[in-house]
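Q: Have a look at this one.
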Amino acid sequence: MSTGKINVQTENIFPIIKKFLYSDHEIFLRELVSNAVDATSKLKTLHKLGEYKEDPGNLRVNVSIDKDKGTLTISDNGVGMTEDEVQRYLNDIAFSGAEEFLKKYDDKAKDSGIIGHFGLGFYSAFMVAKEVDVITKSYTGGDAVKWSCKGDPEYTLEKADRSERGTDVVLHLDDESQEFLEDNRISGILEKYCKFLPVEIKFGTKTIKVDDPDGKKDDDGNIKKVDKEVENIINNPTPAWTKQPADLTDEDYHNFYRELYPMSFEEPLFHIHLNVDYPFNLTGILYFPKLKNNIQIQRNKIQLYSNQVFITDSVENIVPEFLTLLHGVIDSPDIPLNVSRSYLQEDGNVKKISNHITKKVADKLSSMFKRDRDDYQSKWDDIKVFIEYGMLTDDKFFDKMQKALLLKNTEGEFFTIDEYREKIEEKQKDKNDAIVHLYATDADEQDAFIESAKNRGYDVLVMDSPLTSHFVQQLESKLDNVKFVRVDADAIDKLIEKEEQQEANLTDDQKKTLQEVYEGVVEKDKFTVQFENMNEKDNPVVITQPEFMRRMKEQQQVGGGMMGMSNMPDMFNLMINANHPLVSKILTEQDQDKQKSLAKQSVDLAMLSQNMLKGKDLTAFIKRSVNMID
Ligand SMILES: Nc1ncnc2c1ncn2[C@@H]1O[C@H](COP(=O)(O)OP(=O)(O)OP(=O)(O)O)[C@@H](O)[C@H]1O
């Protein structure tokens, strides 16, 4: 037996390791299982290259618990290590790796910003073990050796009894880490980090139901099912994203979605298979969920893997924010894992990867649009929020998606931007040559306005996503001569301003009289009374909210827009239809009470059509209406 002292510069590195990443102790298992998987992968490669001539057998990793001894063991039948290699890898390289890592991050030890906390490697075992034994035998032959270390810089190295190639890493768990002797705890960690590792990981056994081997039948004549104890393989070594798209059916993709998110009931709409090996390595499958109008849904987060090892499910700094609405996996060994999150976005590879994914997503959507427009349209309501979000926040995505962006009108017809322009150009051009796109955010609530727009021969779009106010602003700034105006933003004649605007045909005195009457029945600081020459078939009074004011307020509510606008009181225009017979009647009514009551009634009707009449006002309105009928 030989003993030695690990080449330590920071004498007390072990206590630091123990404290390090306290909340994330469980990652030691990921590190050790990954090392074991690497060792088996190396053997597979050596065998392929002809450097290891024997049959490698069934390569796998075994995780086992011995409660009596208080140990957790990670075993593999991979390459193993010679005595020299143990010296080199465990005492020098692994140690210096751990040391370097800690030096770099000690001051931010608790900074969970370091993604996945990769790089601590083998020495993370000391976060949970008071002693670690490594019993290993190299594939090259020679004696097996046992290395032991009690969590201080001293170690022992001796010959060991092991005839099979491979390595056992035995952790003697310390008092605070007894939880790792529980099957459920270990299953949970393996499930989280090792679910898709490329080599079979065995953890104990499980009971399954199989046909009775003696062929015994039950009362119905069916072969009886009996319990059978089988090995419990916790992972799927060949998850869908590692396969070629040509080898996968739609059902395979659906099944993989289930595998990723067993608790999710929704089916994804479609998927994108990512597969790049130059200039960076990236594989993965992204799924489009049904978003409807909700951007705050419980997100099935995108999972990030590095060579099939789970790293994290918060990928905000790796992909543009709008892409985090998608589900699925990204696997790339080229994403640096031991840098702090704030540096990630600056990393050249991360930038390239993020651009690539954005491009792929846009390409997929565009090709769906081109290939089967009907199908694309049928999915539109479920994906539009995603597309709007992307087009709002990412210029490249905007440019790529512009041709595949759809606008839907109140008739349920879909148009591209160009098609729609062509449709409305003639009738909806204003005096400044801007093409005015009229839209409704709620077709039911704004029905009266939609109707009067239609009566003018105008077309109205339905734009009901939570991002609408931001999005129309973006379209106005990106497209030439395009204006968006909500149908209830102004009197119908003013929505699209034409040259031949007429003044209301009321004298100034008449206007003054009516203004006083109306100001007497509404809150003066909330409503501005205006007179319009509308059609006599239009309503006598119409309430509108200026486009600019409403948009700013809405933008504030979803974030962005002008500061302080959401605190502004709501301001409305009270448009009096100068041509309506009821208005003339009010003007000439001599009985003041009656005049007031008629004015109030006409305002309430306008409020009602805007869904603004609530509570006591609504009750009063109903009573007044009943009295009028009587
Ligand atoms: N189960 C094992 N079988 C064979 N060699 C191993 C095993 N575990 C560790 N080693 C050797 O010890 C070295 C150091 O391991 P360590 O986990 O500290 O670092 P790493 O795996 O190289 O990198 P990382 O920090 O990303 O984990 C490995 O590179 C490998 O050569």
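How things are named: the first chain in the structure tokens is A, the next is B, and so on; residues count from 1 in each chain; ligands count from 1 in the order shown.
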Taking only C-alpha atoms and all ligand atoms and a cut-off of 6 Å, can you tell me which residues surround ligand 1, written as a list of chain:residue names?

A: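 The residues within 6 Å of ligand 1, counting only C-alpha atoms and all ligand atoms, are A:Glu31, A:Asn35, A:Ala36, A:Ala39, A:Val79, A:Gly80, A:Met81, A:Tyr89, A:Leu90, A:Ala94, A:Gly119, A:Leu120, A:Gly121, A:Phe122, A:Thr167.
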
Q: Only N, CA and C atoms, please: the residues just picked out, written as a PDB file, in the first residue's frame.

A:
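File produced: selection.pdb:
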ATOM      1  N   GLU A  31     -22.587  13.873 -11.700  1.00  0.00           N
ATOM      2  CA  GLU A  31     -21.172  13.909 -12.069  1.00  0.00           C
ATOM      3  C   GLU A  31     -20.579  12.497 -12.092  1.00  0.00           C
ATOM      4  N   ASN A  35     -19.347  10.328 -15.324  1.00  0.00           N
ATOM      5  CA  ASN A  35     -17.991   9.766 -15.459  1.00  0.00           C
ATOM      6  C   ASN A  35     -18.055   8.283 -15.826  1.00  0.00           C
ATOM      7  N   ALA A  36     -18.975   7.562 -15.172  1.00  0.00           N
ATOM      8  CA  ALA A  36     -19.101   6.132 -15.433  1.00  0.00           C
ATOM      9  C   ALA A  36     -19.566   5.891 -16.873  1.00  0.00           C
ATOM     10  N   ALA A  39     -16.728   6.445 -19.177  1.00  0.00           N
ATOM     11  CA  ALA A  39     -15.784   5.312 -19.163  1.00  0.00           C
ATOM     12  C   ALA A  39     -16.277   4.177 -20.077  1.00  0.00           C
ATOM     13  N   VAL A  79     -13.678   1.623 -19.164  1.00  0.00           N
ATOM     14  CA  VAL A  79     -12.229   1.451 -19.366  1.00  0.00           C
ATOM     15  C   VAL A  79     -11.431   1.180 -18.091  1.00  0.00           C
ATOM     16  N   GLY A  80     -11.931   1.601 -16.925  1.00  0.00           N
ATOM     17  CA  GLY A  80     -11.163   1.438 -15.690  1.00  0.00           C
ATOM     18  C   GLY A  80      -9.903   2.284 -15.713  1.00  0.00           C
ATOM     19  N   MET A  81      -9.105   2.180 -14.647  1.00  0.00           N
ATOM     20  CA  MET A  81      -7.852   2.953 -14.591  1.00  0.00           C
ATOM     21  C   MET A  81      -6.725   2.078 -14.046  1.00  0.00           C
ATOM     22  N   TYR A  89      -5.229  10.926 -12.854  1.00  0.00           N
ATOM     23  CA  TYR A  89      -6.578  11.473 -13.006  1.00  0.00           C
ATOM     24  C   TYR A  89      -7.194  11.908 -11.689  1.00  0.00           C
ATOM     25  N   LEU A  90      -7.088  11.048 -10.679  1.00  0.00           N
ATOM     26  CA  LEU A  90      -7.805  11.399  -9.450  1.00  0.00           C
ATOM     27  C   LEU A  90      -7.000  12.340  -8.566  1.00  0.00           C
ATOM     28  N   ALA A  94      -8.160  15.513 -11.735  1.00  0.00           N
ATOM     29  CA  ALA A  94      -9.491  15.750 -11.173  1.00  0.00           C
ATOM     30  C   ALA A  94      -9.379  16.772 -10.072  1.00  0.00           C
ATOM     31  N   GLY A 119     -18.230  20.842 -13.982  1.00  0.00           N
ATOM     32  CA  GLY A 119     -16.802  20.998 -13.881  1.00  0.00           C
ATOM     33  C   GLY A 119     -16.232  20.589 -12.542  1.00  0.00           C
ATOM     34  N   LEU A 120     -17.069  20.461 -11.525  1.00  0.00           N
ATOM     35  CA  LEU A 120     -16.533  20.029 -10.240  1.00  0.00           C
ATOM     36  C   LEU A 120     -16.151  18.554 -10.319  1.00  0.00           C
ATOM     37  N   GLY A 121     -16.878  17.826 -11.134  1.00  0.00           N
ATOM     38  CA  GLY A 121     -16.508  16.456 -11.457  1.00  0.00           C
ATOM     39  C   GLY A 121     -16.434  15.512 -10.270  1.00  0.00           C
ATOM     40  N   PHE A 122     -15.447  14.652 -10.356  1.00  0.00           N
ATOM     41  CA  PHE A 122     -15.290  13.577  -9.386  1.00  0.00           C
ATOM     42  C   PHE A 122     -15.320  14.064  -7.935  1.00  0.00           C
ATOM     43  N   THR A 167     -14.905   0.151 -12.953  1.00  0.00           N
ATOM     44  CA  THR A 167     -14.660   0.964 -11.756  1.00  0.00           C
ATOM     45  C   THR A 167     -15.877   0.971 -10.825  1.00  0.00           C
TER      46      THR A 167
END

Q: Just want the 9 Å neighbourhood of range 228-244 of chain A, counted on only C-alpha atoms, with same-chain residues fewer than 4 positions away dropped. Output as an MDAnalysis selection string.

A: chainID A and resid 187 190:191 194:210 248 252:253 256 273:275 283:285 308 329:331

Q: Among range 292-534 of chain A, which ones does DSSP place in strand (DSSP E), written as a PyMOL selection string?

A: chain A and resi 303-306+309-312+327-331+406-408+414-416+435-440+460-462+482-486+527-532

Q: Which one of A:Arg30, A:Arg60, A:Arg165, A:Arg551 sits closest to Val309 in chain A if you count only C-alpha atoms?

A: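 Closest residue, counting only C-alpha atoms: A:Arg30.
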
Q: Which one of A:Asp604, A:Asp372, A:Asp250, A:Asp381 sits closest to Val521 in chain A if you count only C-alpha atoms?

A: A:Asp604
